[in-house]
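*Asks:* Supplied structure: coords_10.csv, CSV, C-alpha atoms.
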chain,number,residue,atom,x,y,z
A,1,MET,CA,1.6,-6.3,-2.8
A,2,THR,CA,4.0,-7.3,-5.5
A,3,ALA,CA,5.5,-10.2,-3.6
A,4,TYR,CA,7.9,-12.8,-4.7
A,5,GLU,CA,6.5,-16.0,-3.3
A,6,PRO,CA,9.4,-18.2,-2.2
A,7,GLU,CA,9.6,-21.6,-3.8
A,8,GLY,CA,13.0,-23.3,-3.5
A,9,ALA,CA,15.9,-21.0,-3.6
A,10,THR,CA,14.9,-18.1,-5.8
A,11,GLY,CA,11.2,-17.4,-5.3
A,12,ARG,CA,8.1,-18.2,-7.2
A,13,PRO,CA,8.3,-19.7,-10.7
A,14,GLY,CA,9.0,-17.0,-13.3
A,15,SER,CA,10.3,-14.5,-10.8
A,16,ARG,CA,13.5,-12.7,-11.6
A,17,ASP,CA,16.6,-14.6,-10.4
A,18,PRO,CA,18.5,-12.3,-8.0
A,19,ARG,CA,21.7,-13.3,-9.8
A,20,GLY,CA,20.5,-11.5,-12.9
A,21,ALA,CA,19.1,-8.4,-11.1
A,22,PRO,CA,20.2,-4.9,-12.0
A,23,GLY,CA,23.5,-4.1,-10.3
A,24,ALA,CA,24.8,-7.6,-10.8
A,25,ASP,CA,28.2,-5.9,-11.5
A,26,ALA,CA,28.0,-4.0,-8.2
A,27,GLY,CA,30.8,-6.2,-6.7
A,28,TYR,CA,29.0,-7.2,-3.6
A,29,ASP,CA,26.6,-9.8,-2.3
A,30,ALA,CA,24.2,-9.3,0.6
A,31,VAL,CA,23.5,-11.7,3.4
A,32,VAL,CA,20.5,-10.9,5.6
A,33,LEU,CA,20.1,-12.8,8.9
A,34,ALA,CA,16.3,-13.1,9.5
A,35,GLY,CA,16.0,-16.2,11.7
A,36,GLY,CA,15.3,-16.5,15.4
A,37,ALA,CA,12.5,-16.4,17.9
A,38,ALA,CA,12.5,-12.7,18.8
A,39,ARG,CA,12.0,-13.3,22.5
A,40,ARG,CA,11.7,-9.6,23.4
A,41,LEU,CA,8.8,-9.4,20.9
A,42,GLY,CA,7.0,-12.2,22.6
A,43,GLY,CA,7.9,-14.6,19.8
A,44,GLU,CA,6.5,-12.4,17.1
A,45,ASP,CA,7.8,-12.9,13.5
A,46,LYS,CA,10.1,-9.9,13.7
A,47,PRO,CA,11.1,-9.7,10.0
A,48,GLY,CA,7.4,-9.7,9.2
A,49,VAL,CA,6.5,-6.8,11.5
A,50,ARG,CA,5.4,-3.8,9.5
A,51,VAL,CA,6.8,-0.3,9.8
A,52,GLY,CA,5.3,2.2,7.4
A,53,GLY,CA,3.3,-0.4,5.6
A,54,ARG,CA,6.3,-2.5,4.8
A,55,THR,CA,7.8,-5.4,6.6
A,56,LEU,CA,11.2,-4.9,8.3
A,57,LEU,CA,12.7,-7.5,6.0
A,58,ASP,CA,11.4,-5.7,2.9
A,59,ARG,CA,12.8,-2.4,4.1
A,60,VAL,CA,16.2,-4.0,4.6
A,61,LEU,CA,16.1,-5.6,1.1
A,62,ALA,CA,15.3,-2.2,-0.5
A,63,ALA,CA,18.6,-0.9,0.9
A,64,CYS,CA,20.6,-3.5,-0.9
A,65,ALA,CA,18.6,-3.7,-4.1
A,66,ASP,CA,21.7,-3.4,-6.2
A,67,ALA,CA,23.5,-6.3,-4.7
A,68,ALA,CA,24.6,-8.9,-7.3
A,69,ARG,CA,23.0,-11.6,-5.1
A,70,THR,CA,20.9,-11.3,-1.9
A,71,VAL,CA,20.8,-14.3,0.4
A,72,VAL,CA,18.3,-14.3,3.3
A,73,VAL,CA,19.1,-16.8,6.0
A,74,ALA,CA,15.6,-17.9,7.3
A,75,GLY,CA,12.6,-19.9,6.4
A,76,PRO,CA,11.2,-18.8,3.0
A,77,ARG,CA,8.4,-16.2,2.9
A,78,PRO,CA,7.0,-13.8,0.5
A,79,THR,CA,9.2,-10.8,-0.2
A,80,ALA,CA,8.9,-7.6,-2.3
A,81,ARG,CA,12.2,-8.4,-4.0
A,82,PRO,CA,13.6,-11.7,-5.3
A,83,VAL,CA,16.2,-13.4,-3.0
A,84,GLU,CA,17.9,-16.7,-2.4
A,85,TRP,CA,17.1,-18.6,0.8
A,86,ALA,CA,19.5,-20.4,3.0
A,87,ARG,CA,19.3,-22.0,6.5
A,88,GLU,CA,21.9,-23.0,9.0
A,89,ASP,CA,21.9,-26.6,10.1
A,90,PRO,CA,20.5,-27.0,12.6
A,91,PRO,CA,18.2,-24.0,12.6
A,92,GLY,CA,18.7,-21.6,15.5
A,93,GLY,CA,22.4,-22.2,15.6
A,94,GLY,CA,23.3,-18.6,16.1
A,95,PRO,CA,24.7,-15.7,14.0
A,96,LEU,CA,28.0,-17.4,13.0
A,97,ALA,CA,26.3,-20.5,11.8
A,98,ALA,CA,23.7,-18.4,9.9
A,99,LEU,CA,26.4,-16.3,8.4
A,100,ASP,CA,28.3,-19.4,7.3
A,101,ALA,CA,25.2,-20.8,5.7
A,102,GLY,CA,24.5,-17.5,3.8
A,103,LEU,CA,28.1,-17.1,2.8
A,104,ARG,CA,28.1,-20.4,0.9
A,105,HIS,CA,25.7,-18.8,-1.6
A,106,THR,CA,27.9,-15.8,-2.4
A,107,THR,CA,30.7,-15.3,-4.9
A,108,ALA,CA,31.4,-11.5,-4.8
A,109,PRO,CA,34.6,-10.1,-3.2
A,110,TYR,CA,32.6,-8.0,-0.7
A,111,VAL,CA,29.7,-9.2,1.5
A,112,LEU,CA,27.2,-6.9,3.1
A,113,LEU,CA,26.0,-8.4,6.3
A,114,LEU,CA,22.7,-7.2,7.7
A,115,SER,CA,20.1,-8.0,10.3
A,116,ALA,CA,16.5,-7.9,9.3
A,117,ASP,CA,15.4,-5.3,11.8
A,118,LEU,CA,16.9,-2.1,10.4
A,119,PRO,CA,13.9,0.2,9.5
A,120,PHE,CA,16.0,3.2,8.4
A,121,LEU,CA,18.8,1.6,6.5
A,122,GLU,CA,19.2,3.2,3.0
A,123,GLU,CA,21.2,2.6,-0.1
A,124,LYS,CA,23.3,5.6,0.6
A,125,THR,CA,24.6,4.1,3.8
A,126,VAL,CA,25.3,0.8,2.1
A,127,ARG,CA,27.2,2.7,-0.6
A,128,ARG,CA,29.2,4.6,2.1
A,129,LEU,CA,30.2,1.3,3.7
A,130,LEU,CA,31.3,-0.1,0.4
A,131,ASP,CA,33.2,3.0,-0.7
A,132,THR,CA,35.0,3.1,2.6
A,133,LEU,CA,36.2,-0.5,2.4
A,134,ARG,CA,37.2,-0.3,-1.2
A,135,THR,CA,39.5,2.7,-0.5
A,136,THR,CA,41.3,1.2,2.5
A,137,GLY,CA,44.8,0.5,1.1
A,138,PRO,CA,46.5,-2.0,-1.1
A,139,ALA,CA,45.9,-5.7,-1.0
A,140,GLU,CA,48.0,-7.6,1.5
A,141,PRO,CA,48.4,-11.4,2.0
A,142,PRO,CA,46.1,-12.6,4.8
A,143,PRO,CA,47.8,-13.2,8.1
A,144,LEU,CA,48.6,-16.8,9.2
A,145,PRO,CA,45.9,-18.2,11.4
A,146,GLU,CA,46.7,-18.3,15.1
A,147,ALA,CA,47.8,-21.5,16.7
A,148,PRO,CA,44.9,-23.2,18.5
A,149,ASP,CA,44.8,-22.4,22.2
A,150,PRO,CA,45.3,-25.7,24.0
A,151,ASN,CA,42.9,-24.6,26.8
A,152,ARG,CA,40.1,-24.0,24.2
A,153,ALA,CA,37.9,-26.8,23.0
A,154,GLY,CA,39.2,-28.4,19.9
A,155,PRO,CA,37.8,-30.3,16.9
A,156,GLY,CA,35.4,-32.9,18.0
A,157,THR,CA,34.4,-31.2,21.2
A,158,PRO,CA,30.6,-31.0,21.3
A,159,ALA,CA,29.5,-27.4,20.6
A,160,GLN,CA,26.7,-25.7,22.4
A,161,GLY,CA,23.4,-27.1,21.3
A,162,PRO,CA,21.0,-25.1,19.0
A,163,ASP,CA,18.2,-23.1,20.3
A,164,THR,CA,15.5,-20.8,18.8
A,165,ARG,CA,17.4,-17.6,19.4
A,166,ASP,CA,17.0,-14.1,17.9
A,167,GLU,CA,20.3,-14.1,16.1
A,168,ALA,CA,20.3,-10.3,15.5
A,169,ALA,CA,19.5,-9.4,19.1
A,170,ASP,CA,21.9,-11.9,20.5
A,171,ALA,CA,24.7,-10.5,18.3
A,172,ARG,CA,23.9,-7.0,19.6
A,173,ALA,CA,23.9,-8.2,23.2
A,174,GLU,CA,27.5,-9.4,22.6
A,175,ARG,CA,28.7,-6.0,21.4
A,176,PRO,CA,31.4,-4.3,23.4
A,177,GLY,CA,30.4,-1.2,25.2
A,178,THR,CA,31.4,2.3,24.3
A,179,ARG,CA,35.0,2.2,23.1
A,180,PRO,CA,37.4,4.2,25.3
A,181,ASP,CA,39.3,5.5,22.3
A,182,ARG,CA,37.9,6.8,19.0
A,183,PRO,CA,37.3,4.0,16.6
A,184,ALA,CA,40.0,3.6,13.9
A,185,THR,CA,39.3,5.1,10.5
A,186,PRO,CA,41.2,4.8,7.2
A,187,ALA,CA,42.7,8.3,7.8
A,188,ASP,CA,44.2,7.0,11.1
A,189,ARG,CA,46.0,4.1,9.4
A,190,PRO,CA,46.8,5.0,5.8
A,191,GLY,CA,47.6,2.0,3.6
A,192,THR,CA,45.9,-0.5,5.9
A,193,ARG,CA,43.9,-3.2,4.2
A,194,PHE,CA,40.9,-3.5,6.6
A,195,ASP,CA,38.8,-6.6,6.6
A,196,GLY,CA,35.6,-4.7,7.0
A,197,VAL,CA,33.7,-1.6,7.8
A,198,LEU,CA,30.9,-1.5,10.3
A,199,LEU,CA,28.5,1.1,11.7
A,200,VAL,CA,28.6,2.2,15.3
A,201,ASP,CA,25.5,3.4,17.1
A,202,PRO,CA,25.1,6.7,18.9
A,203,GLU,CA,26.7,5.2,22.1
A,204,GLY,CA,29.7,4.2,20.1
A,205,ARG,CA,28.9,0.4,20.2
A,206,ASP,CA,29.8,-1.8,17.2
A,207,GLN,CA,27.0,-2.9,14.9
A,208,PRO,CA,28.6,-6.0,13.2
A,209,LEU,CA,25.3,-6.8,11.5
A,210,VAL,CA,25.3,-3.5,9.6
A,211,ALA,CA,28.7,-3.9,7.9
A,212,VAL,CA,30.6,-4.8,4.7
A,213,TYR,CA,33.3,-7.4,4.9
A,214,ARG,CA,35.9,-8.8,2.5
A,215,ALA,CA,34.5,-12.2,1.7
A,216,ASP,CA,38.0,-13.9,1.9
A,217,ALA,CA,38.5,-12.5,5.4
A,218,LEU,CA,35.1,-13.9,6.5
A,219,ARG,CA,35.8,-17.3,5.1
A,220,ARG,CA,39.3,-17.4,6.6
A,221,GLU,CA,38.2,-16.6,10.1
A,222,LEU,CA,35.1,-18.8,10.0
A,223,GLY,CA,37.3,-21.7,9.0
A,224,VAL,CA,39.6,-21.0,11.9
A,225,LEU,CA,36.7,-20.9,14.4
A,226,ALA,CA,35.1,-24.0,13.0
A,227,ALA,CA,38.4,-25.9,13.2
A,228,ALA,CA,39.0,-24.8,16.7
A,229,HIS,CA,35.6,-25.6,18.1
A,230,GLY,CA,34.4,-28.4,15.8
A,231,SER,CA,31.3,-26.3,14.8
A,232,LEU,CA,30.1,-22.8,14.5
A,233,THR,CA,26.8,-23.6,16.3
A,234,GLY,CA,26.3,-21.5,19.4
A,235,LEU,CA,29.5,-19.4,19.0
A,236,PRO,CA,29.0,-15.7,19.6
A,237,LEU,CA,29.6,-13.2,16.9
A,238,ARG,CA,32.2,-11.4,18.9
A,239,ARG,CA,34.6,-14.3,18.2
A,240,LEU,CA,34.6,-13.4,14.6
A,241,VAL,CA,34.6,-9.6,15.0
A,242,ALA,CA,37.6,-9.8,17.4
A,243,ALA,CA,39.6,-11.7,14.8
A,244,LEU,CA,39.1,-9.1,12.0
A,245,ASP,CA,40.8,-5.8,11.3
A,246,LEU,CA,37.9,-3.4,11.1
A,247,THR,CA,37.3,0.3,10.7
A,248,ARG,CA,34.1,2.1,11.7
A,249,ILE,CA,31.8,4.9,10.6
A,250,ALA,CA,28.9,6.5,12.5
A,251,ASP,CA,25.3,6.7,11.4
A,252,PRO,CA,22.9,7.0,14.3
A,253,VAL,CA,19.8,6.7,12.1
A,254,ALA,CA,20.8,3.7,9.9
A,255,SER,CA,22.1,1.9,12.9
A,256,PHE,CA,18.7,2.0,14.7
A,257,ASP,CA,17.4,-1.5,15.2
A,258,CYS,CA,14.2,-3.0,16.5
A,259,ASP,CA,14.5,-5.5,19.4
A,260,THR,CA,11.5,-4.5,21.4
A,261,TRP,CA,7.9,-3.2,20.8
A,262,ASP,CA,9.1,0.2,22.1
A,263,ASP,CA,11.6,0.2,19.3
A,264,ILE,CA,8.9,-0.7,16.8
A,265,ALA,CA,6.7,2.1,18.2
A,266,ALA,CA,9.5,4.6,17.9
A,267,ALA,CA,10.2,3.6,14.3
A,268,ARG,CA,6.5,3.9,13.3
A,269,ALA,CA,6.3,7.3,14.9
A,270,ARG,CA,9.4,8.7,13.2
A,271,ILE,CA,8.3,7.9,9.7
A,272,ARG,CA,5.1,9.9,10.3
A,273,GLU,CA,7.0,13.0,11.2
A,274,HIS,CA,6.6,15.9,8.8
A,275,GLY,CA,10.1,15.7,7.5
A,276,HIS,CA,10.0,12.0,6.7
A,277,VAL,CA,6.4,11.0,5.9
A,278,LEU,CA,6.4,11.9,2.2
A,279,ASP,CA,9.6,10.1,1.3
A,280,GLU,CA,8.5,7.1,3.4
A,281,TRP,CA,5.2,7.0,1.6
A,282,ILE,CA,6.7,7.2,-1.9
A,283,SER,CA,9.2,4.4,-1.0
A,284,ALA,CA,6.3,2.2,0.3
A,285,VAL,CA,4.2,2.8,-2.9
A,286,LYS,CA,7.2,2.0,-5.2
A,287,ASP,CA,7.8,-1.3,-3.3
A,288,GLU,CA,4.1,-2.1,-3.3
A,289,LEU,CA,3.9,-1.5,-7.1
A,290,GLY,CA,7.2,-3.1,-7.9
A,291,ILE,CA,8.6,0.1,-9.3
A,292,ASP,CA,12.3,0.8,-9.3
A,293,LEU,CA,12.3,4.4,-10.4
A,294,ASP,CA,13.9,7.5,-8.8
A,295,VAL,CA,12.1,10.7,-9.9
A,296,ASP,CA,12.1,14.3,-8.7
A,297,THR,CA,9.2,14.4,-6.4
A,298,GLY,CA,9.5,18.2,-6.2
A,299,VAL,CA,8.6,18.4,-9.9
A,300,LEU,CA,5.5,16.2,-9.4
A,301,LEU,CA,4.4,18.2,-6.3
A,302,ASP,CA,4.8,21.5,-8.2
A,303,LEU,CA,2.7,20.0,-11.1
A,304,ALA,CA,0.0,18.9,-8.7
A,305,ARG,CA,-0.1,22.3,-7.0
A,306,ASP,CA,-0.3,24.1,-10.4
A,307,ALA,CA,-3.1,21.8,-11.6
A,308,ALA,CA,-5.0,22.2,-8.3
A,309,HIS,CA,-4.8,26.0,-8.2
A,310,GLY,CA,-4.9,26.8,-11.8
A,311,VAL,CA,-7.6,24.4,-13.0
A,312,ALA,CA,-9.5,22.6,-10.2
A,313,ARG,CA,-8.5,20.6,-7.1
A,314,PRO,CA,-9.5,17.2,-8.6
A,315,ALA,CA,-7.2,18.0,-11.5
A,316,ALA,CA,-4.1,17.4,-9.4
A,317,PRO,CA,-4.4,13.6,-8.8
A,318,LEU,CA,-5.8,13.0,-12.3
A,319,THR,CA,-3.0,15.0,-14.0
A,320,THR,CA,-0.3,13.2,-12.1
A,321,PHE,CA,-1.9,9.9,-13.1
A,322,LEU,CA,-1.9,10.9,-16.8
A,323,VAL,CA,1.8,12.0,-16.5
A,324,GLY,CA,2.7,8.6,-15.2
A,325,TYR,CA,0.8,6.9,-18.0
A,326,ALA,CA,2.4,9.1,-20.6
A,327,ALA,CA,5.9,8.4,-19.2
A,328,ALA,CA,5.2,4.7,-19.3
A,329,LEU,CA,4.2,4.9,-23.0
A,330,ALA,CA,7.4,6.8,-23.7
A,331,GLY,CA,9.5,4.0,-22.2
A,332,GLY,CA,9.5,5.0,-18.6
A,333,GLY,CA,12.5,6.3,-16.6
A,334,PRO,CA,13.1,9.6,-14.8
A,335,GLU,CA,13.7,11.5,-18.1
A,336,ALA,CA,10.3,10.4,-19.4
A,337,VAL,CA,8.6,11.4,-16.2
A,338,ALA,CA,10.4,14.8,-16.1
A,339,GLU,CA,9.4,15.6,-19.8
A,340,ALA,CA,5.7,14.6,-19.3
A,341,SER,CA,5.7,16.7,-16.1
A,342,ARG,CA,7.2,19.7,-17.8
A,343,LYS,CA,4.6,19.6,-20.6
A,344,ALA,CA,1.7,19.2,-18.2
A,345,ALA,CA,3.0,21.9,-15.9
A,346,ALA,CA,3.3,24.3,-18.8
A,347,LEU,CA,-0.3,23.5,-19.8
A,348,ALA,CA,-1.6,24.1,-16.3
A,349,LEU,CA,0.2,27.5,-16.2
A,350,ARG,CA,-1.2,28.5,-19.6
A,351,TRP,CA,-4.6,27.5,-18.4
A,352,ALA,CA,-4.4,29.6,-15.3
A,353,ASP,CA,-3.0,32.6,-17.2
A,354,GLU,CA,-6.1,32.7,-19.3
A,355,ASP,CA,-8.2,33.3,-16.2
A,356,ALA,CA,-6.1,36.2,-14.9
A,357,PRO,CA,-7.7,39.6,-15.1
A,358,GLU,CA,-4.9,41.0,-17.3
A,359,ALA,CA,-5.3,38.1,-19.8
A,360,THR,CA,-8.3,39.8,-21.4
A,361,PRO,CA,-7.9,43.4,-22.5
A,362,PRO,CA,-10.8,45.8,-21.9
A,363,ALA,CA,-13.5,45.7,-24.5
A,364,ALA,CA,-13.1,48.3,-27.2
A,365,ALA,CA,-15.5,51.3,-27.0
A,366,PRO,CA,-18.2,51.1,-29.8
A,367,PRO,CA,-17.7,53.5,-32.6
A,368,ALA,CA,-19.7,56.8,-32.2
A,369,SER,CA,-22.9,57.1,-34.2
A,370,PRO,CA,-22.7,59.6,-37.0
A,371,THR,CA,-24.4,62.9,-36.4
A,372,ALA,CA,-25.7,65.6,-38.7
A,373,THR,CA,-22.7,67.8,-38.1
A,374,GLU,CA,-20.3,65.1,-39.3
A,375,PRO,CA,-19.5,64.9,-43.0
A,376,ASP,CA,-21.2,62.3,-44.9
A,377,ALA,CA,-18.9,59.4,-45.6
A,378,GLY,CA,-20.6,59.0,-48.9
Could you write out this file's structure as structure tokens?
*Replies:*
Amino acid sequence: MTAYEPEGATGRPGSRDPRGAPGADAGYDAVVLAGGAARRLGGEDKPGVRVGGRTLLDRVLAACADAARTVVVAGPRPTARPVEWAREDPPGGGPLAALDAGLRHTTAPYVLLLSADLPFLEEKTVRRLLDTLRTTGPAEPPPLPEAPDPNRAGPGTPAQGPDTRDEAADARAERPGTRPDRPATPADRPGTRFDGVLLVDPEGRDQPLVAVYRADALRRELGVLAAAHGSLTGLPLRRLVAALDLTRIADPVASFDCDTWDDIAAARARIREHGHVLDEWISAVKDELGIDLDVDTGVLLDLARDAAHGVARPAAPLTTFLVGYAAALAGGGPEAVAEASRKAAALALRWADEDAPEATPPAAAPPASPTATEPDAG
């Protein structure tokens, strides 16, 4: 596996710094919460559990590959993409403490907040979240923070002690149930400057760990909560979500998360279904080989079919290998792959055409032998 061995904050020596990654002008940073004890998995290292040959963490990292900076809040481990590492102090302090630790490494105006157990999250969903937030009205000054409730614990009050919690699962356990009214959308409140956009699951429950937020709103409300409670350790995520003005979009597939072994089994079964297995396999191979390349798989499949049927079955894998090699020599990229595929496909069709019955005209009849009755040519 092409893994970036973590060492310090940015991976192994010589690995690409995430701050210089492609998409550094994307305008958002990603914070992935990957700590906790995963109690419902019997203490298994949940971010390291594999679905479709890739760890859950690597699958999530692939969805935010164009982030200007990606921060994973957890103990360092090998990953398929370069990341920065952060840790709440003390470890196991809960999702708000973990978010605060990750947020300190970010500078972009938007922050994508994710849990590390989302097997079906894709870039298109991340883009949809970002596009929705960026189009929600003009900038407005942030509201003044609420006056502290005298009945609530204030600064200096001991916060709940740390534990080895599963931060993602605990955050989901705090989510409100199905909302009695339809969640607000930008169309419902034109001109509103929302603080964030989050997904809802098929039951209509909020998924605050699959969301994009305005960084200034997160910092503002985390500061208010820290001042009111003396610490963010042990505070539930719902305290933050309740203080933000949010809009919601539905995506039942991307919002699927893995808290139990049954969830893991369901995810593994889904990617092997006929309609998903090829895309999943190609994504896994690209991650394994460290390839960031989007190509038209239909073109390659047509080429393989033509080579197999028109030449010989072993010609299919060998031809596609040669196409990849030729594309690399030409500088790589989708255009190079498409051009090499076009040439090879045309060759395969010409090859097959030569074997068609109509490709060879009937042999001409031999000239008749001269007879005595025919005039002498001489």
*Asks:* Quick one: residues within 9 Å of range 305-318 of chain A, all atoms listed in the file counted, chain neighbours fewer than 4 positions away excluded, as a ChimeraX atom specification?
*Replies:* /A:300-301,322-323,344-345,347-353,355
*Asks:* I need the chosen residues saved as a PDB file, in the coordinates of the input, with C-alpha atoms.
*Replies:*
ATOM      1  CA  LEU A 300       5.500  16.200  -9.400  1.00  0.00           C
ATOM      2  CA  LEU A 301       4.400  18.200  -6.300  1.00  0.00           C
ATOM      3  CA  LEU A 322      -1.900  10.900 -16.800  1.00  0.00           C
ATOM      4  CA  VAL A 323       1.800  12.000 -16.500  1.00  0.00           C
ATOM      5  CA  ALA A 344       1.700  19.200 -18.200  1.00  0.00           C
ATOM      6  CA  ALA A 345       3.000  21.900 -15.900  1.00  0.00           C
ATOM      7  CA  LEU A 347      -0.300  23.500 -19.800  1.00  0.00           C
ATOM      8  CA  ALA A 348      -1.600  24.100 -16.300  1.00  0.00           C
ATOM      9  CA  LEU A 349       0.200  27.500 -16.200  1.00  0.00           C
ATOM     10  CA  ARG A 350      -1.200  28.500 -19.600  1.00  0.00           C
ATOM     11  CA  TRP A 351      -4.600  27.500 -18.400  1.00  0.00           C
ATOM     12  CA  ALA A 352      -4.400  29.600 -15.300  1.00  0.00           C
ATOM     13  CA  ASP A 353      -3.000  32.600 -17.200  1.00  0.00           C
ATOM     14  CA  ASP A 355      -8.200  33.300 -16.200  1.00  0.00           C
TER      15      ASP A 355
END
*Asks:* May I ask which of the residues A:Thr136, A:Thr260, A:Thr320, A:Thr79 is the closest one to Tyr213 in chain A, counting all atoms listed in the file?
*Replies:*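 Once distances to Tyr213 in chain A are computed over all atoms listed in the file, the minimum belongs to A:Thr136.
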*Asks:* Pull the neighbourhood of (20.8, -6.0, 0.1) for me: all residues within 10 Å in file coordinates, counting all atoms listed in the file, as a compact mmCIF listing (two decimals) with C-alpha atoms, in the frame of the given file.
*Replies:*
# COMPACT_ATOMS: atom_id res chain seq x y z
CA TYR A 28 29.00 -7.20 -3.60
CA ASP A 29 26.60 -9.80 -2.30
CA ALA A 30 24.20 -9.30 0.60
CA VAL A 31 23.50 -11.70 3.40
CA VAL A 32 20.50 -10.90 5.60
CA ASP A 58 11.40 -5.70 2.90
CA ARG A 59 12.80 -2.40 4.10
CA VAL A 60 16.20 -4.00 4.60
CA LEU A 61 16.10 -5.60 1.10
CA ALA A 62 15.30 -2.20 -0.50
CA ALA A 63 18.60 -0.90 0.90
CA CYS A 64 20.60 -3.50 -0.90
CA ALA A 65 18.60 -3.70 -4.10
CA ASP A 66 21.70 -3.40 -6.20
CA ALA A 67 23.50 -6.30 -4.70
CA ALA A 68 24.60 -8.90 -7.30
CA ARG A 69 23.00 -11.60 -5.10
CA THR A 70 20.90 -11.30 -1.90
CA VAL A 71 20.80 -14.30 0.40
CA VAL A 72 18.30 -14.30 3.30
CA ARG A 81 12.20 -8.40 -4.00
CA VAL A 83 16.20 -13.40 -3.00
CA VAL A 111 29.70 -9.20 1.50
CA LEU A 112 27.20 -6.90 3.10
CA LEU A 113 26.00 -8.40 6.30
CA LEU A 114 22.70 -7.20 7.70
CA GLU A 122 19.20 3.20 3.00
CA GLU A 123 21.20 2.60 -0.10
CA VAL A 126 25.30 0.80 2.10
*Asks:* Report as a ChimeraX atom specification all protein, DNA and RNA residues lying within 7 Å of Pro47 in chain A, evaluated on only C-alpha atoms, omitting residues in the same chain fewer than 3 positions from it.
*Replies:* /A:34,55-57,116-117
*Asks:* Compute the distance from (13.6, 8.0, -11.6) to each atom, counting only C-alpha atoms, keep the residues with any atom at most 12 Å away, and return them as a PyMOL selection string; use the coordinates of the file.
*Replies:* chain A and resi 282+286+291-297+299-300+324+327-328+332-339
*Asks:* Could you check how far CA of Ile249 in chain A sits from CA of His276 in chain A, in Å to one decimal?
*Replies:* 23.3 Å
*Asks:* Identify, on the basis of all atoms listed in the file, every residue whose closest approach to Ile264 in chain A does not exceed 9 Å; exclude the query and any residue fewer than 6 positions from it along the same chain; express the result as a PyMOL selection string.
*Replies:* chain A and resi 49-51+119+257-258
*Asks:* For the atom pair CA of Glu88 in chain A and CA of Pro109 in chain A, what is the interatomic distance in Å to one decimal place?
*Replies:* 21.8 Å
*Asks:* Neighbours of Tyr110 in chain A within 10 Å (all atoms listed in the file; same-chain residues fewer than 4 positions away dropped), as number ranges by chain?
*Replies:* A: 26-30, 106, 130, 133-134, 195-196, 212-218
*Asks:* For CA of Leu121 in chain A and CA of Arg219 in chain A, quote the distance in Å rounded to one decimal.
*Replies:*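 Answer for the CA of Leu121 in chain A to CA of Arg219 in chain A separation: 25.5 Å.
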*Asks:* Which one of A:Leu246, A:Ala330, A:Ile271, A:Ala228 sits closest to Phe194 in chain A if you count only C-alpha atoms?
*Replies:*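 Smallest separation from Phe194 in chain A among the options: A:Leu246.
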*Asks:* Of the candidates A:Pro95, A:Gly35, A:Gly42, A:Gly75, which one gets nearest to Leu232 in chain A if we count all atoms listed in the file?
*Replies:* A:Pro95
